[in-house]
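One file, work.cif, is given below (mmCIF, C-alpha atoms).
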data_final
loop_
_atom_site.label_atom_id
_atom_site.label_comp_id
_atom_site.auth_asym_id
_atom_site.auth_seq_id
_atom_site.Cartn_x
_atom_site.Cartn_y
_atom_site.Cartn_z
CA MET A 546 102.18 99.41 80.37
CA ASP A 547 102.36 96.54 77.92
CA TYR A 548 99.14 95.15 76.55
CA GLY A 549 98.52 91.67 77.87
CA PHE A 550 98.70 89.88 81.20
CA GLU A 551 99.37 92.26 84.08
CA PRO A 552 100.72 90.67 87.27
CA VAL A 553 99.46 92.40 90.40
CA THR A 554 102.43 93.43 92.53
CA SER A 555 103.08 95.59 95.54
CA HIS A 556 105.11 98.80 95.32
CA ASP A 557 108.37 96.90 95.89
CA GLY A 558 107.68 94.66 92.89
CA THR A 559 106.69 91.52 94.82
CA SER A 560 103.41 89.69 94.30
CA ALA A 561 100.54 90.95 96.42
CA HIS A 562 97.10 89.77 97.50
CA PHE A 563 95.75 93.30 97.04
CA ARG A 564 96.79 96.60 95.48
CA ALA A 565 95.08 99.98 95.63
CA PHE A 566 95.67 102.32 92.70
CA PHE A 567 94.91 105.84 91.49
CA HIS A 568 95.65 107.40 88.12
CA SER A 569 94.63 110.56 86.31
CA ALA A 570 96.89 110.69 83.24
CA GLY A 571 96.57 108.67 80.05
CA ASP A 572 94.46 105.65 79.19
CA VAL A 573 94.88 102.06 80.39
CA PRO A 574 95.38 99.66 77.46
CA PRO A 575 93.67 96.24 77.16
CA HIS A 576 95.04 93.76 79.69
CA TRP A 577 93.94 91.10 82.16
CA HIS A 578 95.07 89.62 85.47
CA ASN A 579 94.08 86.96 87.96
CA HIS A 580 92.65 89.39 90.51
CA LEU A 581 89.18 90.82 91.00
CA GLU A 582 89.29 94.53 90.17
CA LEU A 583 87.09 97.36 91.43
CA VAL A 584 87.21 100.73 89.68
CA PHE A 585 85.31 103.93 90.40
CA VAL A 586 85.46 107.38 88.82
CA LEU A 587 86.60 110.04 91.28
CA CYS A 588 85.90 112.85 88.81
CA GLY A 589 85.26 113.27 85.10
CA GLU A 590 84.05 110.52 82.78
CA ALA A 591 85.56 107.31 81.41
CA ARG A 592 84.71 104.46 79.07
CA ILE A 593 85.62 100.96 80.22
CA THR A 594 85.38 97.91 77.96
CA VAL A 595 85.17 94.49 79.65
CA ASP A 596 85.39 91.39 77.45
CA GLY A 597 84.20 93.46 74.50
CA ALA A 598 81.27 95.09 76.30
CA PRO A 599 81.72 98.89 76.57
CA CYS A 600 80.19 100.96 79.33
CA SER A 601 80.35 104.67 80.09
CA LEU A 602 81.11 105.76 83.65
CA ALA A 603 80.32 109.15 85.16
CA GLU A 604 81.58 110.57 88.45
CA ARG A 605 81.24 108.09 91.39
CA ASP A 606 80.21 105.20 89.12
CA LEU A 607 81.80 101.90 90.19
CA VAL A 608 82.33 98.66 88.28
CA ILE A 609 83.59 95.24 89.37
CA ILE A 610 85.73 93.46 86.77
CA ASP A 611 86.06 89.68 87.11
CA ALA A 612 89.44 87.98 87.16
CA GLY A 613 90.60 86.95 83.69
CA ALA A 614 88.39 89.47 81.87
CA ILE A 615 90.17 91.51 79.18
CA HIS A 616 89.51 95.18 79.91
CA ASN A 617 90.73 98.69 79.23
CA SER A 618 89.74 102.23 80.14
CA VAL A 619 89.71 105.49 78.18
CA ARG A 620 89.40 108.98 79.63
CA MET A 621 86.47 110.93 78.21
CA SER A 622 87.52 114.26 79.75
CA ASP A 623 90.77 115.95 80.74
CA GLU A 624 89.90 115.98 84.45
CA THR A 625 89.12 112.24 84.65
CA ALA A 626 90.66 110.39 87.61
CA LEU A 627 90.09 106.71 88.41
CA CYS A 628 90.49 104.89 91.71
CA GLY A 629 90.41 101.19 92.40
CA VAL A 630 91.82 98.07 93.95
CA HIS A 631 92.84 94.54 92.93
CA LEU A 632 91.94 91.62 95.21
CA ASP A 633 93.47 88.13 95.07
CA LEU A 634 90.43 85.85 95.13
CA ASP A 635 92.37 82.70 96.06
CA PHE A 636 94.03 84.42 99.01
CA PHE A 637 90.80 85.68 100.52
CA GLU A 638 89.08 82.37 99.84
CA ALA A 639 91.81 80.69 101.88
CA GLN A 640 91.27 83.29 104.62
CA GLY A 641 87.67 82.18 105.13
CA LEU A 642 85.51 83.12 102.12
CA PRO A 643 84.65 79.73 100.58
CA GLY A 644 83.93 79.80 96.85
CA PHE A 645 85.09 83.43 96.46
CA SER A 646 87.19 82.55 93.41
CA GLN A 647 84.28 80.74 91.71
CA ARG A 648 81.96 83.74 91.52
CA ARG A 649 81.27 86.22 88.75
CA TYR A 650 80.16 89.65 89.98
CA GLN A 651 80.21 92.15 87.09
CA CYS A 652 78.66 94.82 89.33
CA ARG A 653 77.78 98.12 87.65
CA SER A 654 76.59 100.65 90.21
CA TRP A 655 74.61 102.87 87.85
CA ILE A 656 72.12 100.15 86.87
CA HIS A 657 70.98 99.55 90.46
CA ALA A 658 68.53 101.33 92.72
CA LYS A 659 69.56 104.10 95.13
CA HIS A 660 69.53 101.84 98.18
CA PHE A 661 72.08 99.55 96.47
CA ASP A 662 74.43 102.49 96.06
CA GLU A 663 74.02 103.54 99.69
CA GLN A 664 74.28 100.08 101.25
CA VAL A 665 76.65 98.26 98.88
CA VAL A 666 78.61 100.63 96.66
CA GLU A 667 79.30 103.57 99.00
CA PRO A 668 81.13 101.36 101.55
CA MET A 669 83.33 100.07 98.72
CA ARG A 670 84.21 103.62 97.64
CA ALA A 671 85.07 104.58 101.21
CA LEU A 672 87.26 101.54 101.82
CA ILE A 673 89.09 101.99 98.52
CA GLY A 674 89.60 105.68 99.21
CA ARG A 675 91.13 104.99 102.61
CA MET A 676 93.42 102.34 101.14
CA ILE A 677 94.70 104.75 98.50
CA LEU A 678 95.35 107.49 101.05
CA SER A 679 97.49 105.00 103.00
CA ARG A 680 99.85 104.39 100.10
CA GLY A 681 103.43 105.43 100.69
CA HIS A 682 103.18 105.10 104.48
CA PRO A 683 104.86 101.85 105.64
CA SER A 684 103.29 102.22 109.09
CA GLU A 685 99.85 101.94 107.53
CA ARG A 686 100.53 98.75 105.58
CA LEU A 687 98.76 96.72 108.25
CA LEU A 688 95.75 99.03 108.03
CA GLN A 689 95.67 98.51 104.26
CA GLN A 690 95.65 94.76 104.77
CA CYS A 691 92.74 95.03 107.21
CA LEU A 692 90.81 97.30 104.83
CA ALA A 693 91.39 94.88 101.94
CA GLY A 694 89.99 92.07 104.06
CA LEU A 695 86.93 94.14 104.99
CA LEU A 696 86.39 95.02 101.33
CA ALA A 697 86.57 91.37 100.27
CA LEU A 698 84.17 90.40 103.07
CA HIS A 699 81.73 93.16 102.11
CA ILE A 700 81.72 92.08 98.45
CA TYR A 701 81.31 88.44 99.45
CA ASN A 702 78.32 89.18 101.67
CA THR A 703 76.44 91.88 99.75
CA VAL A 704 77.09 91.84 95.99
CA GLN A 705 74.95 89.61 93.79
CA TRP A 706 76.86 86.95 91.89
CA GLU A 707 76.53 83.94 89.64
CA PRO A 708 78.72 80.82 89.45
CA ARG A 709 81.66 80.88 87.07
CA GLU A 710 80.77 78.75 84.06
CA GLU A 711 83.62 79.56 81.71
CA GLY A 712 85.11 76.10 82.04
CA LYS A 713 81.79 74.59 80.92
CA ASP A 714 81.82 76.54 77.68
CA PRO A 715 84.84 75.39 75.62
CA LYS A 716 83.96 77.69 72.73
CA ARG A 717 83.90 80.77 74.95
CA SER A 718 86.97 79.75 76.92
CA GLY A 719 88.90 78.80 73.79
CA GLY A 720 88.16 82.17 72.22
CA ARG A 721 89.51 83.98 75.24
CA GLU A 722 92.66 81.85 75.33
CA ARG A 723 93.28 82.49 71.65
CA VAL A 724 93.04 86.24 72.11
CA MET A 725 95.36 86.10 75.10
CA ARG A 726 97.94 84.16 73.08
CA ILE A 727 97.76 86.78 70.34
CA MET A 728 98.21 89.63 72.82
CA HIS A 729 101.24 87.89 74.31
CA ALA A 730 102.75 87.32 70.88
CA LEU A 731 102.22 90.92 69.80
CA ARG A 732 104.02 92.14 72.90
CA ALA A 733 106.92 89.72 72.37
CA GLU A 734 107.26 90.43 68.65
CA ASN A 735 106.91 94.20 69.00
CA ALA A 736 103.61 94.18 67.08
CA THR A 737 105.15 92.98 63.82
CA LEU A 738 102.88 89.98 63.21
CA SER A 739 99.77 90.40 61.07
CA LEU A 740 96.22 89.19 61.55
CA GLU A 741 96.82 86.80 58.64
CA ASP A 742 99.81 85.29 60.49
CA PHE A 743 97.72 84.62 63.58
CA ALA A 744 94.76 83.27 61.59
CA SER A 745 97.10 80.75 59.95
CA SER A 746 98.70 79.66 63.23
CA GLU A 747 95.31 79.35 64.97
CA GLY A 748 93.69 77.47 62.08
CA MET A 749 90.98 80.09 61.57
CA THR A 750 89.82 82.33 58.78
CA VAL A 751 90.93 85.96 58.93
CA SER A 752 87.34 87.22 59.14
CA HIS A 753 86.48 84.85 62.00
CA LEU A 754 89.56 85.79 64.01
CA SER A 755 88.94 89.49 63.35
CA ARG A 756 85.42 89.24 64.76
CA LEU A 757 86.60 87.18 67.75
CA PHE A 758 89.38 89.63 68.58
CA LYS A 759 87.10 92.67 68.47
CA HIS A 760 84.47 90.88 70.55
CA ARG A 761 86.99 90.01 73.27
CA VAL A 762 89.13 93.15 73.35
CA GLY A 763 86.57 95.77 72.40
CA ILE A 764 88.62 97.24 69.53
CA GLY A 765 89.72 95.82 66.19
CA PHE A 766 93.07 94.10 65.64
CA ARG A 767 94.59 96.99 63.66
CA ASP A 768 93.45 99.61 66.17
CA TYR A 769 94.90 97.48 68.96
CA VAL A 770 98.28 97.17 67.23
CA GLN A 771 98.32 100.88 66.49
CA SER A 772 97.56 101.73 70.11
CA LEU A 773 100.29 99.36 71.24
CA ARG A 774 102.80 101.15 69.01
CA LEU A 775 101.66 104.56 70.20
CA ASP A 776 102.01 103.53 73.84
CA ARG A 777 105.54 102.35 73.18
CA ALA A 778 106.30 105.63 71.42
CA ALA A 779 104.97 107.49 74.47
CA GLN A 780 107.21 105.42 76.73
CA THR A 781 110.23 106.29 74.58
CA LEU A 782 109.33 109.98 74.67
CA ARG A 783 109.08 109.89 78.46
CA SER A 784 112.34 108.04 79.05
CA THR A 785 114.72 109.25 76.29
CA ARG A 786 115.71 112.33 74.31
CA GLN A 787 115.52 110.45 71.00
CA ALA A 788 114.44 112.58 68.04
CA ILE A 789 110.68 112.47 67.51
CA ALA A 790 111.11 111.46 63.85
CA ASP A 791 113.19 108.46 64.96
CA VAL A 792 110.64 107.59 67.64
CA ALA A 793 107.94 107.52 64.97
CA THR A 794 109.98 105.26 62.67
CA ASP A 795 111.02 102.90 65.46
CA SER A 796 107.36 102.63 66.51
CA GLY A 797 106.32 101.47 63.03
CA PHE A 798 105.10 104.77 61.57
CA GLN A 799 106.82 105.61 58.29
CA ASN A 800 104.65 108.68 57.78
CA GLY A 801 105.48 111.46 60.26
CA SER A 802 102.22 113.32 59.70
CA LEU A 803 100.21 110.17 60.36
CA PHE A 804 102.20 109.55 63.54
CA TYR A 805 101.52 113.07 64.79
CA ALA A 806 97.79 112.84 64.02
CA LYS A 807 97.34 109.43 65.65
CA PHE A 808 99.45 110.38 68.66
CA LYS A 809 97.40 113.52 69.28
CA GLU A 810 94.20 111.53 68.87
CA ARG A 811 95.43 108.97 71.42
CA PHE A 812 96.94 111.30 74.06
CA GLY A 813 95.26 114.66 73.43
CA CYS A 814 98.47 116.47 72.47
CA GLY A 815 101.37 116.19 70.05
CA PRO A 816 104.56 114.19 70.78
CA ARG A 817 106.66 117.24 71.68
CA GLU A 818 104.10 118.65 74.09
CA TYR A 819 103.67 115.19 75.60
CA ARG A 820 107.41 114.94 76.24
CA ASN A 821 107.50 118.41 77.81
CA ARG A 822 104.67 117.52 80.15
CA ALA A 823 106.35 114.24 81.08
CA ILE A 824 109.57 115.96 82.19
CA GLY A 825 107.73 118.40 84.41
CA VAL A 826 107.17 121.59 82.43
CA ASP A 827 103.64 121.72 83.85
CA ALA A 828 104.64 120.41 87.27
CA GLY A 829 102.89 123.27 89.09
CA ASP A 830 99.57 122.63 87.39
CA THR A 831 99.95 118.90 88.04
CA GLU A 832 100.59 119.49 91.76
CA ASP A 833 97.48 121.68 92.05
CA THR A 834 95.42 119.02 90.32
CA LEU A 835 96.68 116.28 92.64
CA LYS A 836 95.81 118.39 95.70
CA THR A 837 92.25 118.84 94.42
CA LEU A 838 91.86 115.13 93.71
CA LYS A 839 93.27 114.19 97.11
CA HIS A 840 90.71 116.48 98.77
CA SER A 841 87.88 114.73 96.88
CA LEU A 842 89.23 111.31 97.79
CA THR A 843 89.57 112.29 101.45
CA SER A 844 85.92 113.35 101.64
CA ILE A 845 84.90 109.90 100.36
CA ALA A 846 87.23 108.04 102.72
CA GLU A 847 86.00 110.00 105.75
CA ASN A 848 82.64 108.24 105.43
CA MET A 849 84.26 104.88 106.10
CA ASP A 850 83.29 104.77 109.78
CA LEU A 851 79.62 105.02 108.79
CA TYR A 852 79.82 101.62 107.10
CA LEU A 853 82.01 99.61 109.45
CA GLY A 854 79.08 98.68 111.71
CA PRO A 855 77.12 96.67 109.13
CA ILE A 856 80.31 95.04 107.78
CA VAL A 857 81.75 93.87 111.12
CA GLY A 858 78.55 93.76 113.18
CA VAL A 859 78.17 91.06 115.85
CA PRO A 860 76.27 88.05 114.40
CA THR A 861 72.90 87.32 115.99
CA GLN A 862 73.00 83.64 115.02
CA GLY A 863 75.73 81.06 114.77
CA GLY A 864 77.26 77.94 116.25
CA GLY A 865 78.87 77.42 119.62
CA VAL A 866 81.65 79.75 120.71
CA ARG A 867 84.50 78.53 122.90
CA ILE A 868 85.55 81.24 125.35
CA ALA A 869 88.83 80.84 127.21
CA ALA A 870 88.55 81.44 130.95
CA PRO A 871 91.32 83.32 132.81
CA HIS A 872 92.25 80.06 134.56
CA GLY A 873 91.40 76.47 133.78
CA ASP A 874 89.64 75.08 130.72
CA GLY A 875 87.66 77.01 128.18
CA LEU A 876 83.94 77.51 128.76
CA LYS A 877 81.66 76.68 125.86
CA GLY A 878 78.83 79.13 125.31
CA ARG A 879 76.13 79.37 122.73
#
Using structure tokens, write down the structure from this file.
Amino acid sequence: MDYGFEPVTSHDGTSAHFRAFFHSAGDVPPHWHNHLELVFVLCGEARITVDGAPCSLAERDLVIIDAGAIHNSVRMSDETALCGVHLDLDFFEAQGLPGFSQRRYQCRSWIHAKHFDEQVVEPMRALIGRMILSRGHPSERLLQQCLAGLLALHIYNTVQWEPREEGKDPKRSGGRERVMRIMHALRAENATLSLEDFASSEGMTVSHLSRLFKHRVGIGFRDYVQSLRLDRAAQTLRSTRQAIADVATDSGFQNGSLFYAKFKERFGCGPREYRNRAIGVDAGDTEDTLKTLKHSLTSIAENMDLYLGPIVGVPTQGGGVRIAAPHGDGLKGR
């Protein structure tokens, strides 16, 4: 994955108004998109940084990430697996949730009381789990769409929010736009531009831009560029048989020992072992792990029926309802 803007697409590559995801290998680099994102930890531990604010997540912890927020996740244990979903705010607003795209949620389940987890967070876990288990089955695409709508409705009705005010704060908005431009440029230029180059083009001092970048992304400029190069090296290792020494040089590391040390620090193993894992040397272990994770996800999804009542319950108050009679005109009831 490139660092920067990430368009949310369906499995056939087309744009989508929702996407459920599951991953257990590697870290997710800093990026942003125009969708609301929900993430929960199925097992293990993770650290997620949102607009420069880090938070540690344990098993079953859930976080809502607002659209446009720069965020990344890092596994804190080998068994870590994350589940989540992206929701297109504009789409669901047009479907009948007025103002959905103008809200900021930033929900963090672990800071709330137990009843919040039971009434608000647990239904989200169950709906997400069922959506993920439907992936790869074309016949269940309609079910996924229905579940995505229920999830959006549940968030809209139950999760506390505050109005978006980013447009009223030019300084805050401008800082975010600057960082996004830099991330785009680094991706396009293969991470060859320096912090000094960007400071000059943005009309800022190096120290000011350095502080702004770290505040927004959660890591310093040099660490970000290094991680970008390491991710590209990992992609090359997965997709080619290029010599590891050449991969290191092409990724911007002139010192082979430094490349090895940083790569192991980033991915938990050396480049050669990483390549062997990627081509399936440990396929048996991976399959066993996926079966265990699927079992855990299934147990969460099976609770979904417990929460459908409150989400789709019949309203006790409301306006007039026009009911169509079998013959003749509709009858208006109240």
Given the file above and the PyMOL selection byres ((chain A and resi 755-759) around 9), which residues are selected, and can you give them as a CSV table (one decimal) with C-alpha atoms, in the coordinates of the input?
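Output file result_35.csv follows:
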chain,number,residue,atom,x,y,z
A,597,GLY,CA,84.2,93.5,74.5
A,720,GLY,CA,88.2,82.2,72.2
A,721,ARG,CA,89.5,84.0,75.2
A,723,ARG,CA,93.3,82.5,71.6
A,724,VAL,CA,93.0,86.2,72.1
A,740,LEU,CA,96.2,89.2,61.6
A,744,ALA,CA,94.8,83.3,61.6
A,750,THR,CA,89.8,82.3,58.8
A,751,VAL,CA,90.9,86.0,58.9
A,752,SER,CA,87.3,87.2,59.1
A,753,HIS,CA,86.5,84.8,62.0
A,754,LEU,CA,89.6,85.8,64.0
A,760,HIS,CA,84.5,90.9,70.6
A,761,ARG,CA,87.0,90.0,73.3
A,762,VAL,CA,89.1,93.2,73.4
A,763,GLY,CA,86.6,95.8,72.4
A,764,ILE,CA,88.6,97.2,69.5
A,765,GLY,CA,89.7,95.8,66.2
A,766,PHE,CA,93.1,94.1,65.6
Written as a PyMOL selection string, which residues does the PyMOL selection byres ((chain A and resi 671) around 7) give for the file shown?
chain A and resi 667-670+672-675+845-846+848-849
Include C-alpha atoms and write out the residues we just selected as a compact mmCIF listing (two decimals), in the coordinates of the input.
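Contents of result_6.txt, as written:
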# COMPACT_ATOMS: atom_id res chain seq x y z
CA GLU A 667 79.30 103.57 99.00
CA PRO A 668 81.13 101.36 101.55
CA MET A 669 83.33 100.07 98.72
CA ARG A 670 84.21 103.62 97.64
CA LEU A 672 87.26 101.54 101.82
CA ILE A 673 89.09 101.99 98.52
CA GLY A 674 89.60 105.68 99.21
CA ARG A 675 91.13 104.99 102.61
CA ILE A 845 84.90 109.90 100.36
CA ALA A 846 87.23 108.04 102.72
CA ASN A 848 82.64 108.24 105.43
CA MET A 849 84.26 104.88 106.10
Closest-contact table, region 589-668 of chain A side, partner region 807-816 of chain A, 12 Å, counting only C-alpha atoms, as CSV:
residue,atom,partner,partner_atom,distance
A:Val619,CA,A:Arg811,CA,9.5
A:Arg620,CA,A:Phe812,CA,9.7
A:Met621,CA,A:Gly813,CA,10.7
A:Ser622,CA,A:Gly813,CA,10.0
A:Asp623,CA,A:Gly813,CA,8.7
So, with all atoms listed in the file as the atoms that count, which of A:Val666, A:Leu695, A:Ala614, A:Ala639 lies closest to Arg653 (chain A)?
A:Val666
Output the residue selection produced by the PyMOL selection byres ((chain A and resi 567) around 8) on the file above, formatted as a ChimeraX atom specification.
/A:565-566,568-569,626-629,677
Those selected residues, please, written with C-alpha atoms and delivered as a short mmCIF file (atom, residue, chain, number, x, y, z; two decimals), keeping the file's coordinate frame.
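Written file, again_23.cif:
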data_model
loop_
_atom_site.label_atom_id
_atom_site.label_comp_id
_atom_site.auth_asym_id
_atom_site.auth_seq_id
_atom_site.Cartn_x
_atom_site.Cartn_y
_atom_site.Cartn_z
CA ALA A 565 95.08 99.98 95.63
CA PHE A 566 95.67 102.32 92.70
CA HIS A 568 95.65 107.40 88.12
CA SER A 569 94.63 110.56 86.31
CA ALA A 626 90.66 110.39 87.61
CA LEU A 627 90.09 106.71 88.41
CA CYS A 628 90.49 104.89 91.71
CA GLY A 629 90.41 101.19 92.40
CA ILE A 677 94.70 104.75 98.50
#
Selection as a short mmCIF file (atom, residue, chain, number, x, y, z; two decimals) with C-alpha atoms, keeping the file's coordinate frame: residues within 10 Å of (77.5, 93.6, 104.7), counting only C-alpha atoms:
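Below is the file out_39.cif, written as the result:
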data_model
loop_
_atom_site.label_atom_id
_atom_site.label_comp_id
_atom_site.auth_asym_id
_atom_site.auth_seq_id
_atom_site.Cartn_x
_atom_site.Cartn_y
_atom_site.Cartn_z
CA GLN A 664 74.28 100.08 101.25
CA VAL A 665 76.65 98.26 98.88
CA PRO A 668 81.13 101.36 101.55
CA LEU A 695 86.93 94.14 104.99
CA LEU A 696 86.39 95.02 101.33
CA LEU A 698 84.17 90.40 103.07
CA HIS A 699 81.73 93.16 102.11
CA ILE A 700 81.72 92.08 98.45
CA TYR A 701 81.31 88.44 99.45
CA ASN A 702 78.32 89.18 101.67
CA THR A 703 76.44 91.88 99.75
CA VAL A 704 77.09 91.84 95.99
CA TYR A 852 79.82 101.62 107.10
CA LEU A 853 82.01 99.61 109.45
CA GLY A 854 79.08 98.68 111.71
CA PRO A 855 77.12 96.67 109.13
CA ILE A 856 80.31 95.04 107.78
CA VAL A 857 81.75 93.87 111.12
CA GLY A 858 78.55 93.76 113.18
#
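The space separating CA of Trp577 (chain A) from CA of Gly641 (chain A) comes to 25.4 Å.
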Choose the residue, out of A:His562, A:Arg774, A:Arg605, A:Arg820, that has the smallest atom-to-atom separation from Leu842 (chain A); count all atoms listed in the file.
A:Arg605
Using all atoms listed in the file, determine which residues lie at most 6 Å from Val595 (chain A), disregarding the query and same-chain residues fewer than 3 positions distant; provide the list as a PyMOL selection string.
chain A and resi 598+615-616
Taking only C-alpha atoms into account, which of A:Gln705, A:Glu638, A:Gln690, A:Ala612 comes nearest His657 (chain A)?
A:Gln705
Using CA of Glu722 (chain A) and CA of Phe636 (chain A) as the two end points, give the distance in Å to one decimal.
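That distance, rounded to one decimal, is 23.9 Å.
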Separation of CA of Cys691 (chain A) and CA of Ser646 (chain A), in Å?
19.4 Å
